[in-house]
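Chemist: Pasting entry.txt here (compact mmCIF, C-alpha atoms and all ligand atoms):
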```
# COMPACT_ATOMS: atom_id res chain seq x y z
CA MET A 1074 -20.05 -11.78 22.63
CA LYS A 1075 -16.98 -11.05 24.75
CA ARG A 1076 -14.15 -12.40 22.65
CA ILE A 1077 -13.74 -12.78 18.89
CA GLY A 1078 -10.96 -14.10 16.65
CA VAL A 1079 -9.69 -12.85 13.30
CA LEU A 1080 -7.68 -14.69 10.65
CA THR A 1081 -6.38 -14.15 7.12
CA SER A 1082 -6.26 -17.18 4.85
CA GLY A 1083 -5.61 -18.24 1.24
CA GLY A 1084 -3.79 -15.86 -1.10
CA ASP A 1085 -2.85 -12.54 0.47
CA ALA A 1086 -4.31 -9.35 -0.97
CA PRO A 1087 -3.39 -5.67 -0.49
CA GLY A 1088 -5.87 -4.19 1.98
CA MET A 1089 -6.02 -7.24 4.25
CA ASN A 1090 -4.05 -5.24 6.81
CA ALA A 1091 -6.43 -2.30 6.56
CA ALA A 1092 -9.33 -4.69 7.20
CA LEU A 1093 -7.49 -6.33 10.10
CA ARG A 1094 -6.83 -2.94 11.65
CA ALA A 1095 -10.50 -2.01 11.36
CA VAL A 1096 -11.61 -5.32 12.91
CA VAL A 1097 -9.26 -4.97 15.87
CA ARG A 1098 -9.97 -1.31 16.57
CA THR A 1099 -13.73 -1.68 16.18
CA ALA A 1100 -13.72 -4.61 18.60
CA VAL A 1101 -11.66 -2.67 21.14
CA TYR A 1102 -13.98 0.33 20.72
CA MET A 1103 -16.97 -1.92 21.43
CA GLY A 1104 -15.33 -3.47 24.48
CA VAL A 1105 -14.86 -6.89 22.82
CA GLU A 1106 -11.56 -8.76 23.19
CA VAL A 1107 -9.97 -9.68 19.88
CA TYR A 1108 -7.50 -12.48 19.22
CA GLY A 1109 -5.35 -12.79 16.12
CA ILE A 1110 -5.07 -16.29 14.68
CA TYR A 1111 -1.76 -16.43 12.79
CA GLU A 1112 -1.29 -18.29 9.47
CA GLY A 1113 -4.96 -18.94 8.78
CA TYR A 1114 -6.54 -22.30 9.63
CA ARG A 1115 -3.03 -23.79 10.09
CA GLY A 1116 -2.48 -21.42 13.01
CA LEU A 1117 -5.90 -22.20 14.42
CA LEU A 1118 -5.04 -25.90 14.61
CA ASP A 1119 -1.60 -25.14 16.07
CA GLY A 1120 -2.95 -22.66 18.64
CA ASN A 1121 -0.86 -19.89 17.10
CA ILE A 1122 -3.17 -17.30 18.63
CA LYS A 1123 -2.49 -14.02 20.45
CA GLU A 1124 -4.54 -11.20 21.85
CA LEU A 1125 -4.38 -8.02 19.76
CA ASN A 1126 -4.85 -4.44 20.86
CA VAL A 1127 -4.96 -0.99 19.30
CA ALA A 1128 -1.16 -0.79 19.13
CA SER A 1129 -0.82 -4.25 17.52
CA VAL A 1130 -2.34 -2.89 14.32
CA ALA A 1131 -0.60 0.50 14.28
CA ASP A 1132 1.30 1.40 11.12
CA ILE A 1133 -0.15 -1.38 8.94
CA ILE A 1134 -2.97 0.32 7.00
CA GLN A 1135 -0.56 1.17 4.20
CA ARG A 1136 1.19 -2.20 4.01
CA GLY A 1137 0.52 -4.95 1.48
CA GLY A 1138 0.44 -8.62 2.49
CA THR A 1139 -0.97 -9.64 5.86
CA ALA A 1140 0.50 -9.02 9.29
CA LEU A 1141 -1.30 -12.15 10.51
CA ARG A 1142 0.41 -14.12 7.72
CA SER A 1143 -1.45 -16.65 5.63
CA ALA A 1144 -1.17 -20.36 4.88
CA ARG A 1145 -3.00 -23.14 3.10
CA CYS A 1146 -4.01 -25.94 5.45
CA ALA A 1147 -4.90 -29.36 4.01
CA GLU A 1148 -5.76 -30.75 7.46
CA PHE A 1149 -8.65 -28.31 7.73
CA HIS A 1150 -10.34 -30.13 4.83
CA THR A 1151 -10.93 -33.14 7.13
CA SER A 1152 -13.63 -33.41 9.80
CA GLU A 1153 -10.95 -34.22 12.40
CA GLY A 1154 -9.16 -31.02 11.44
CA ILE A 1155 -12.31 -28.95 11.77
CA GLN A 1156 -13.09 -30.50 15.17
CA LYS A 1157 -9.55 -29.67 16.26
CA GLY A 1158 -10.23 -26.07 15.21
CA ILE A 1159 -13.45 -25.96 17.22
CA ASP A 1160 -11.61 -27.35 20.26
CA MET A 1161 -8.90 -24.73 19.91
CA LEU A 1162 -11.47 -21.92 19.76
CA LYS A 1163 -12.90 -23.27 23.03
CA VAL A 1164 -9.45 -23.37 24.65
CA PHE A 1165 -9.03 -19.69 23.81
CA LYS A 1166 -12.69 -18.90 24.66
CA ILE A 1167 -13.19 -17.37 21.22
CA GLU A 1168 -16.93 -17.04 20.57
CA GLY A 1169 -17.01 -15.79 16.99
CA LEU A 1170 -14.71 -15.36 14.00
CA VAL A 1171 -14.02 -12.79 11.31
CA VAL A 1172 -12.30 -14.43 8.32
CA LEU A 1173 -10.48 -12.51 5.59
CA GLY A 1174 -9.91 -14.36 2.33
CA GLY A 1175 -11.47 -15.85 -0.77
CA ASP A 1176 -13.82 -18.72 -1.60
CA GLY A 1177 -11.75 -21.42 0.10
CA THR A 1178 -11.48 -19.39 3.27
CA TYR A 1179 -15.28 -19.00 3.28
CA ARG A 1180 -15.76 -22.76 2.78
CA GLY A 1181 -13.57 -23.42 5.81
CA ALA A 1182 -15.56 -20.86 7.81
CA MET A 1183 -18.82 -22.53 6.78
CA GLU A 1184 -17.61 -25.80 8.27
CA LEU A 1185 -17.06 -24.00 11.58
CA ALA A 1186 -20.46 -22.32 11.31
CA LYS A 1187 -22.18 -25.69 10.74
CA ARG A 1188 -20.78 -26.71 14.12
CA GLY A 1189 -22.10 -23.60 15.85
CA VAL A 1190 -19.34 -20.99 15.52
CA PRO A 1191 -20.64 -17.58 14.35
CA VAL A 1192 -18.61 -16.36 11.39
CA VAL A 1193 -18.45 -13.25 9.23
CA GLY A 1194 -16.36 -13.10 6.05
CA ILE A 1195 -14.58 -10.18 4.38
CA PRO A 1196 -13.81 -10.83 0.68
CA CYS A 1197 -10.07 -10.33 0.17
CA THR A 1198 -8.55 -11.48 -3.11
CA ILE A 1199 -6.96 -9.65 -6.01
CA ASP A 1200 -8.91 -11.80 -8.52
CA ASN A 1201 -12.35 -10.21 -7.87
CA ASP A 1202 -13.78 -13.67 -8.51
CA MET A 1203 -16.55 -13.72 -5.90
CA GLY A 1204 -19.98 -13.44 -7.52
CA TYR A 1205 -21.91 -11.96 -4.60
CA THR A 1206 -19.85 -8.77 -4.31
CA GLU A 1207 -19.09 -6.16 -6.93
CA PHE A 1208 -15.53 -5.75 -5.67
CA THR A 1209 -13.14 -7.60 -3.38
CA VAL A 1210 -10.44 -6.00 -1.22
CA GLY A 1211 -7.14 -5.98 -3.15
CA PHE A 1212 -8.59 -6.00 -6.66
CA PHE A 1213 -8.13 -2.33 -7.54
CA THR A 1214 -4.59 -2.28 -6.14
CA ALA A 1215 -3.72 -5.17 -8.47
CA VAL A 1216 -5.32 -3.28 -11.36
CA GLU A 1217 -3.16 -0.21 -10.52
CA THR A 1218 -0.05 -2.41 -10.58
CA VAL A 1219 -0.98 -3.75 -14.02
CA ILE A 1220 -1.68 -0.26 -15.36
CA GLU A 1221 1.74 0.88 -14.18
CA ALA A 1222 3.31 -2.10 -15.95
CA ILE A 1223 1.37 -1.37 -19.16
CA GLY A 1224 2.71 2.19 -19.17
CA LYS A 1225 6.31 1.03 -18.82
CA ILE A 1226 5.99 -1.74 -21.38
CA ARG A 1227 4.31 0.62 -23.86
CA ASP A 1228 7.30 3.00 -23.65
CA THR A 1229 9.72 0.34 -24.79
CA SER A 1230 7.24 -1.29 -27.20
CA SER A 1231 6.69 2.01 -28.98
CA SER A 1232 10.41 2.66 -29.28
CA HIS A 1233 10.89 -0.63 -31.11
CA GLY A 1234 7.53 -0.87 -32.85
CA ARG A 1235 6.74 -4.11 -31.07
CA GLY A 1236 3.65 -5.77 -29.78
CA ASN A 1237 3.48 -7.04 -26.24
CA ILE A 1238 1.47 -9.75 -24.56
CA ILE A 1239 1.08 -9.10 -20.84
CA GLU A 1240 -0.18 -12.08 -18.88
CA VAL A 1241 -2.10 -11.12 -15.74
CA MET A 1242 -3.59 -13.07 -12.85
CA GLY A 1243 -7.25 -13.89 -12.32
CA ARG A 1244 -7.58 -17.66 -12.66
CA ARG A 1245 -11.13 -18.20 -13.87
CA CYS A 1246 -12.01 -14.50 -13.66
CA GLY A 1247 -11.04 -11.91 -16.27
CA ASP A 1248 -11.65 -8.79 -14.19
CA ILE A 1249 -7.98 -7.83 -13.71
CA ALA A 1250 -7.41 -7.99 -17.49
CA LEU A 1251 -10.72 -6.26 -18.17
CA TYR A 1252 -10.40 -3.29 -15.81
CA ALA A 1253 -6.65 -2.85 -16.39
CA GLY A 1254 -7.20 -3.27 -20.12
CA LEU A 1255 -9.86 -0.59 -20.22
CA SER A 1256 -7.95 1.88 -18.05
CA GLY A 1257 -4.56 1.10 -19.61
CA GLY A 1258 -5.81 1.33 -23.19
CA ALA A 1259 -4.93 -2.24 -24.22
CA GLU A 1260 -5.71 -3.15 -27.83
CA ASN A 1261 -6.81 -6.69 -26.98
CA ILE A 1262 -8.26 -8.05 -23.74
CA ILE A 1263 -8.40 -11.82 -23.43
CA ILE A 1264 -10.58 -13.14 -20.61
CA PRO A 1265 -11.92 -16.60 -19.80
CA GLU A 1266 -15.55 -15.43 -19.93
CA GLU A 1267 -15.39 -14.61 -23.65
CA PRO A 1268 -14.40 -16.87 -26.57
CA PHE A 1269 -10.72 -16.74 -27.46
CA ASN A 1270 -10.50 -15.53 -31.04
CA VAL A 1271 -7.00 -15.22 -32.43
CA ASN A 1272 -8.25 -14.04 -35.84
CA GLU A 1273 -9.83 -11.00 -34.22
CA MET A 1274 -6.51 -10.22 -32.51
CA ILE A 1275 -4.75 -10.45 -35.85
CA GLU A 1276 -7.29 -8.14 -37.47
CA ARG A 1277 -6.96 -5.58 -34.68
CA THR A 1278 -3.16 -5.67 -34.91
CA ILE A 1279 -3.15 -5.19 -38.66
CA ARG A 1280 -5.79 -2.46 -38.46
CA GLY A 1281 -3.70 -0.67 -35.82
CA ARG A 1282 -0.53 -0.89 -37.90
CA ASN A 1283 -2.32 0.40 -40.98
CA ARG A 1284 -3.33 3.54 -39.18
CA GLY A 1285 0.23 4.07 -37.93
CA LYS A 1286 0.14 2.54 -34.44
CA ILE A 1287 3.60 1.61 -33.25
CA HIS A 1288 2.63 -0.46 -30.23
CA ASN A 1289 0.11 -3.16 -29.49
CA ILE A 1290 -0.73 -4.29 -25.98
CA VAL A 1291 -2.56 -7.58 -25.43
CA LEU A 1292 -3.77 -8.31 -21.89
CA LEU A 1293 -4.12 -12.04 -21.45
CA THR A 1294 -5.67 -13.65 -18.38
CA GLU A 1295 -3.54 -16.56 -17.13
CA GLY A 1296 -4.84 -19.97 -18.16
CA VAL A 1297 -6.80 -18.88 -21.25
CA ALA A 1298 -3.98 -19.56 -23.71
CA ASN A 1299 -0.22 -19.98 -23.69
CA ALA A 1300 1.24 -16.46 -24.00
CA TYR A 1301 4.32 -17.62 -25.94
CA GLU A 1302 2.24 -19.58 -28.45
CA VAL A 1303 -0.08 -16.61 -28.96
CA ALA A 1304 2.95 -14.35 -29.53
CA GLU A 1305 4.33 -16.79 -32.11
CA THR A 1306 1.01 -16.96 -33.98
CA LEU A 1307 0.65 -13.17 -33.99
CA GLU A 1308 4.20 -12.72 -35.25
CA GLU A 1309 3.70 -15.25 -38.05
CA ARG A 1310 0.37 -13.84 -39.15
CA THR A 1311 1.03 -10.08 -38.80
CA GLY A 1312 4.78 -9.73 -39.26
CA VAL A 1313 4.92 -7.69 -36.02
CA ASP A 1314 7.52 -8.65 -33.42
CA PHE A 1315 5.67 -9.70 -30.21
CA ARG A 1316 7.23 -10.03 -26.74
CA VAL A 1317 5.75 -11.65 -23.64
CA THR A 1318 5.71 -10.30 -20.08
CA ILE A 1319 4.25 -12.44 -17.31
CA LEU A 1320 3.57 -10.15 -14.38
CA GLY A 1321 3.09 -12.89 -11.75
CA HIS A 1322 3.23 -12.19 -8.05
CA ILE A 1323 4.08 -8.51 -8.39
CA GLN A 1324 0.28 -8.14 -8.74
CA ARG A 1325 -0.26 -9.46 -5.23
CA GLY A 1326 1.98 -6.99 -3.43
CA GLY A 1327 2.19 -3.29 -2.81
CA SER A 1328 0.56 -0.62 -0.73
CA PRO A 1329 -3.25 -0.80 -1.04
CA SER A 1330 -5.03 1.84 -3.11
CA ALA A 1331 -7.30 4.40 -1.46
CA PHE A 1332 -10.38 2.46 -2.63
CA ASP A 1333 -9.12 -0.79 -1.13
CA ARG A 1334 -8.29 0.92 2.16
CA VAL A 1335 -11.73 2.46 2.31
CA ILE A 1336 -13.72 -0.72 1.61
CA ALA A 1337 -11.41 -2.75 3.86
CA SER A 1338 -12.03 -0.32 6.72
CA GLN A 1339 -15.78 -0.27 6.07
CA MET A 1340 -16.00 -4.04 5.96
CA GLY A 1341 -13.79 -4.51 9.00
CA TYR A 1342 -15.99 -2.18 11.02
CA HIS A 1343 -19.26 -3.72 9.84
CA ALA A 1344 -18.00 -7.29 10.27
CA VAL A 1345 -17.44 -6.77 13.99
CA ASP A 1346 -20.61 -4.77 14.44
CA TYR A 1347 -22.63 -7.54 12.73
CA LEU A 1348 -20.89 -10.39 14.52
CA VAL A 1349 -21.47 -9.05 18.02
CA LYS A 1350 -25.14 -8.38 17.24
CA HIS A 1351 -25.78 -11.72 15.46
CA PRO A 1352 -24.45 -14.70 17.40
CA GLU A 1353 -25.91 -17.00 14.70
CA ALA A 1354 -24.05 -15.22 11.85
CA GLN A 1355 -22.89 -17.20 8.79
CA THR A 1356 -22.53 -14.10 6.75
CA ALA A 1357 -20.30 -12.64 4.05
CA LEU A 1358 -19.89 -8.90 3.63
CA GLY A 1359 -19.81 -7.44 0.16
CA ILE A 1360 -20.20 -4.18 -1.68
CA GLN A 1361 -22.90 -3.36 -4.25
CA GLY A 1362 -23.41 0.13 -5.66
CA GLY A 1363 -21.25 1.64 -2.94
CA GLN A 1364 -23.25 0.07 -0.11
CA ILE A 1365 -22.16 -2.70 2.25
CA VAL A 1366 -24.36 -5.77 1.72
CA TYR A 1367 -24.83 -8.91 3.81
CA THR A 1368 -25.11 -12.32 2.12
CA GLY A 1369 -25.42 -15.81 3.57
CA MET A 1370 -22.05 -17.54 3.29
CA LEU A 1371 -23.47 -20.50 1.39
CA GLU A 1372 -24.98 -18.18 -1.19
CA ALA A 1373 -21.75 -16.16 -1.28
CA VAL A 1374 -19.67 -19.18 -2.30
CA SER A 1375 -22.32 -20.47 -4.73
CA ARG A 1376 -23.10 -17.28 -6.67
CA LYS A 1377 -21.42 -17.39 -10.08
CA LYS A 1378 -19.23 -14.42 -10.90
CA GLU A 1379 -20.23 -12.58 -14.05
CA ILE A 1380 -18.17 -9.97 -15.82
CA SER A 1381 -19.53 -6.51 -16.39
CA GLU A 1382 -20.82 -6.60 -19.97
CA ASP A 1383 -20.84 -2.80 -19.92
CA ILE A 1384 -17.11 -2.57 -19.17
CA TYR A 1385 -16.33 -5.30 -21.72
CA THR A 1386 -18.31 -3.58 -24.48
CA ILE A 1387 -16.76 -0.19 -23.74
CA ALA A 1388 -13.25 -1.68 -23.74
CA GLN A 1389 -13.95 -3.27 -27.15
CA VAL A 1390 -15.37 -0.06 -28.59
CA LEU A 1391 -12.55 2.17 -27.34
CA SER A 1392 -9.79 -0.09 -28.63
CA ILE A 1393 -11.20 -0.12 -32.15
P1 LIG B 1 -7.60 -17.17 -2.97
O1 LIG B 1 -8.87 -16.86 -3.72
O2 LIG B 1 -6.72 -15.99 -2.90
O3 LIG B 1 -6.90 -18.42 -3.38
P2 LIG B 1 -8.90 -18.68 -0.91
O4 LIG B 1 -9.44 -18.29 0.41
O5 LIG B 1 -9.89 -19.15 -1.94
O6 LIG B 1 -8.05 -17.46 -1.43
P3 LIG B 1 -7.84 -21.39 -0.65
O7 LIG B 1 -6.43 -21.86 -0.70
O8 LIG B 1 -8.81 -21.94 -1.63
O9 LIG B 1 -7.76 -19.79 -0.73
O10 LIG B 1 -8.41 -21.69 0.82
C1 LIG B 1 -7.70 -21.29 1.97
C2 LIG B 1 -7.80 -22.35 3.04
O11 LIG B 1 -9.18 -22.52 3.44
C3 LIG B 1 -7.35 -23.76 2.64
O12 LIG B 1 -5.96 -23.94 2.72
C4 LIG B 1 -8.07 -24.61 3.67
O13 LIG B 1 -7.38 -24.62 4.90
C5 LIG B 1 -9.40 -23.87 3.86
N1 LIG B 1 -10.46 -24.49 3.03
C6 LIG B 1 -10.69 -24.34 1.71
N2 LIG B 1 -11.73 -25.07 1.29
C7 LIG B 1 -12.19 -25.74 2.38
C8 LIG B 1 -13.24 -26.69 2.60
N3 LIG B 1 -14.07 -27.09 1.63
N4 LIG B 1 -13.40 -27.15 3.87
C9 LIG B 1 -12.59 -26.74 4.87
N5 LIG B 1 -11.58 -25.86 4.71
C10 LIG B 1 -11.37 -25.36 3.50
```
Please re-express this file's structure in structure tokens.
Ligand code: ATP

Modeler:
Amino acid sequence: MKRIGVLTSGGDAPGMNAALRAVVRTAVYMGVEVYGIYEGYRGLLDGNIKELNVASVADIIQRGGTALRSARCAEFHTSEGIQKGIDMLKVFKIEGLVVLGGDGTYRGAMELAKRGVPVVGIPCTIDNDMGYTEFTVGFFTAVETVIEAIGKIRDTSSSHGRGNIIEVMGRRCGDIALYAGLSGGAENIIIPEEPFNVNEMIERTIRGRNRGKIHNIVLLTEGVANAYEVAETLEERTGVDFRVTILGHIQRGGSPSAFDRVIASQMGYHAVDYLVKHPEAQTALGIQGGQIVYTGMLEAVSRKKEISEDIYTIAQVLSI
């Protein structure tokens, strides 16, 4: 393989730049030309493609977001769109692709693979919602952001004796709430994988107050329940004043954590190494028990994500 392409697609995640840097530098090291495809599949269809070199990825390892930019591209959901993408790869003589993104990005890559383009995926999303890998690039940075927010909110909550509901991202996956809840000492962690039980929240709040607690942090995964309605119910049933903070996109930004930089660099390196050695690749990289693992892309998008029961149990026990 003489020339490969790299793109970032779907929601951006801190660490995408670290992975991009590793892809580009590994390719250059191996004597493979590497082309950056800007704005995901949209840029592929538009031919928004440029050769990258060692200097193109200097000074980005510490930056959040993605230097290649990202976009959603509806046209790529059609077979005409995919064919246009294949044609564009031929125009630029790109023989294989490394894609950085989530589930949707992988599904797009699979369409290319079905038509003969070798592809390797690097899981980049703050949600940690991909079942085949223990962790995705960007997840722990988002968790750090939430922990920082919990600390600040707890300061003001304690001063006024209030409770606080902090809504975090995650869509159908509760990992941000779970890991931030455990490490930030939240009293209640509400995730989509477990039944929503408002009575238990009330009991915990009252129990906390009775032993002199002056704050109460609830971490709520977006989409499970309406944060304002939950606050109202808790106020009515416990007499404690509850405020709501919706963290939103702040969780997507920021300089990647050391862990995210490390796994992004590992995966970037191994993606290129695997791609050049496997011209039939349809493979997603992941991490399990500290080791890089290789999974077929179809299996990677099909595997259901399960929460860590161990972490959930410990979080419940410690917030007694
Ligand atoms: P995140 O998890 O952060 O949302 P993602 O990669 O899942 O990231 P999506 O918006 O779902 O983000 O997908 C990114 C892009 O991938 C889409 O805009 C589209 O261009 C392409 N894509 C998604 N699903 C398919 C599909 N089934 N076929 C072809 N292309 C797809």

Chemist: Would you list the contacts of region 1283-1299 of chain A as a PyMOL selection string, taking every protein, DNA or RNA residue within 9 Å and counting only C-alpha atoms, but skipping same-chain residues closer than 2 positions in sequence?

Modeler: chain A and resi 1223+1226-1251+1253-1254+1258-1265+1269+1274+1278-1281+1301-1304+1315+1319

Chemist: From (-17.2, -21.3, 0.0), in the file's coordinates, out to 9 Å: which residues are reached, counting only C-alpha atoms? Answer as a list in words.

Modeler: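 Answer for this query, in the requested form: Gly1175, Asp1176, Gly1177, Thr1178, Tyr1179, Arg1180, Gly1181, Ala1182, Met1183, Met1370, Leu1371, Glu1372, Ala1373, Val1374 and Ser1375 of chain A.
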
Chemist: Restricting the calculation to only C-alpha atoms and all ligand atoms: of A:Leu1080, A:Ile1122, A:Leu1348, A:Leu1170, which residue gets closest to ligand LIG 1 (chain B)?

Modeler: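 Going through A:Leu1080, A:Ile1122, A:Leu1348, A:Leu1170 one by one, the smallest distance to ligand LIG 1 (chain B) is for A:Leu1080.
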
Chemist: From the list A:Glu1353, A:Asp1200, A:Glu1124, A:Asp1132, which residue is nearest ligand LIG 1 (chain B) when using all atoms listed in the file?

Modeler: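 Among the listed residues, A:Asp1200 lies closest to ligand LIG 1 (chain B).
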
Chemist: Counting all atoms listed in the file, which of A:Arg1115, A:Arg1136, A:Arg1277, A:His1343 gets nearest to ligand LIG 1 (chain B)?

Modeler: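 Closest to ligand LIG 1 (chain B), using all atoms listed in the file: A:Arg1115.
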
Chemist: List the spatial neighbours of Thr1218 (chain A) as a ChimeraX atom specification - criterion: any atom at most 12 Å away, all atoms listed in the file, same-chain residues fewer than 2 positions off excluded.

Modeler: /A:1087,1199,1211-1216,1220-1225,1241-1242,1249-1250,1252-1254,1256-1257,1320-1330

Chemist: Would you mind listing the residues within 9 Å of ligand LIG 1 (chain B), counting all atoms listed in the file, as a ChimeraX atom specification?

Modeler: /A:1081-1086,1113-1115,1143-1152,1154-1155,1173-1185,1196-1203

Chemist: Return the single residue from A:Gln1156, A:Val1313, A:Lys1166, A:Phe1332 that is closest to Glu1217 (chain A), with distances computed using all atoms listed in the file.

Modeler: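 So, comparing all the options, the nearest one is A:Phe1332.
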
Chemist: In Å to one decimal, how far is CA of Val1097 (chain A) from CA of Ala1128 (chain A)?

Modeler: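 Between CA of Ala1128 (chain A) and CA of Val1097 (chain A) the gap is 9.7 Å.
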
Chemist: Do you have the CA of Val1101 (chain A)-CA of Glu1168 (chain A) distance handy?

Modeler: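 Computing it gives 15.3 Å between the two atoms.
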
Chemist: Between A:Ala1331, A:Glu1382, A:Ala1337, A:Ser1392, which residue has the minimum interatomic distance to Gly1194 (chain A), considering all atoms listed in the file?

Modeler: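 Among A:Ala1331, A:Glu1382, A:Ala1337, A:Ser1392, it is A:Ala1337 that comes nearest to Gly1194 (chain A).
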
Chemist: Could you check how far CA of Ile1275 (chain A) sits from CA of Glu1379 (chain A), in Å to one decimal?

Modeler: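 Pair CA of Ile1275 (chain A) / CA of Glu1379 (chain A) returns 26.8 Å.
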
Chemist: Go ahead and find all residues with at least one atom no further than 6 Å from (-16.4, -8.7, -19.2) in the file's coordinates, using all atoms listed in the file; report them as a ChimeraX atom specification.

Modeler: /A:1380-1382,1385

Chemist: Restricting the output to C-alpha atoms, write the selected residues as a PDB file, keeping the file's coordinate frame.

Modeler:
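Now in selection01.pdb:
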```
ATOM      1  CA  ILE A1380     -18.170  -9.970 -15.820  1.00  0.00           C
ATOM      2  CA  SER A1381     -19.530  -6.510 -16.390  1.00  0.00           C
ATOM      3  CA  GLU A1382     -20.820  -6.600 -19.970  1.00  0.00           C
ATOM      4  CA  TYR A1385     -16.330  -5.300 -21.720  1.00  0.00           C
TER       5      TYR A1385
END
```

Chemist: Could the centre and edge lengths of an axis-aligned box, enclosing all atoms of region 1296-1307 of chain A in the file with 5 Å extra on each side, be given in Å to one decimal as AutoDock Vina command-line options?

Modeler:
```
--center_x -1.2 --center_y -16.6 --center_z -26.1 --size_x 21.1 --size_y 16.8 --size_z 25.8
```

Chemist: What's around Val1130 (chain A) at 12 Å? Count only C-alpha atoms, leave out sequence neighbours fewer than 4 positions away in its own chain, and write the answer as a PyMOL selection string.

Modeler: chain A and resi 1089-1099+1101+1107-1109+1124-1126+1134-1136+1139-1141

Chemist: So that I can check the surroundings of Val1171 (chain A), please list as a list in words every protein, DNA and RNA residue that reaches within 7 Å of it, counting all atoms listed in the file and ignoring chain neighbours fewer than 3 positions away.

Modeler: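 Within the cut-off, the hits are Gly1078, Val1079, Leu1080, Val1192, Val1193, Gly1194 and Ala1344 of chain A.
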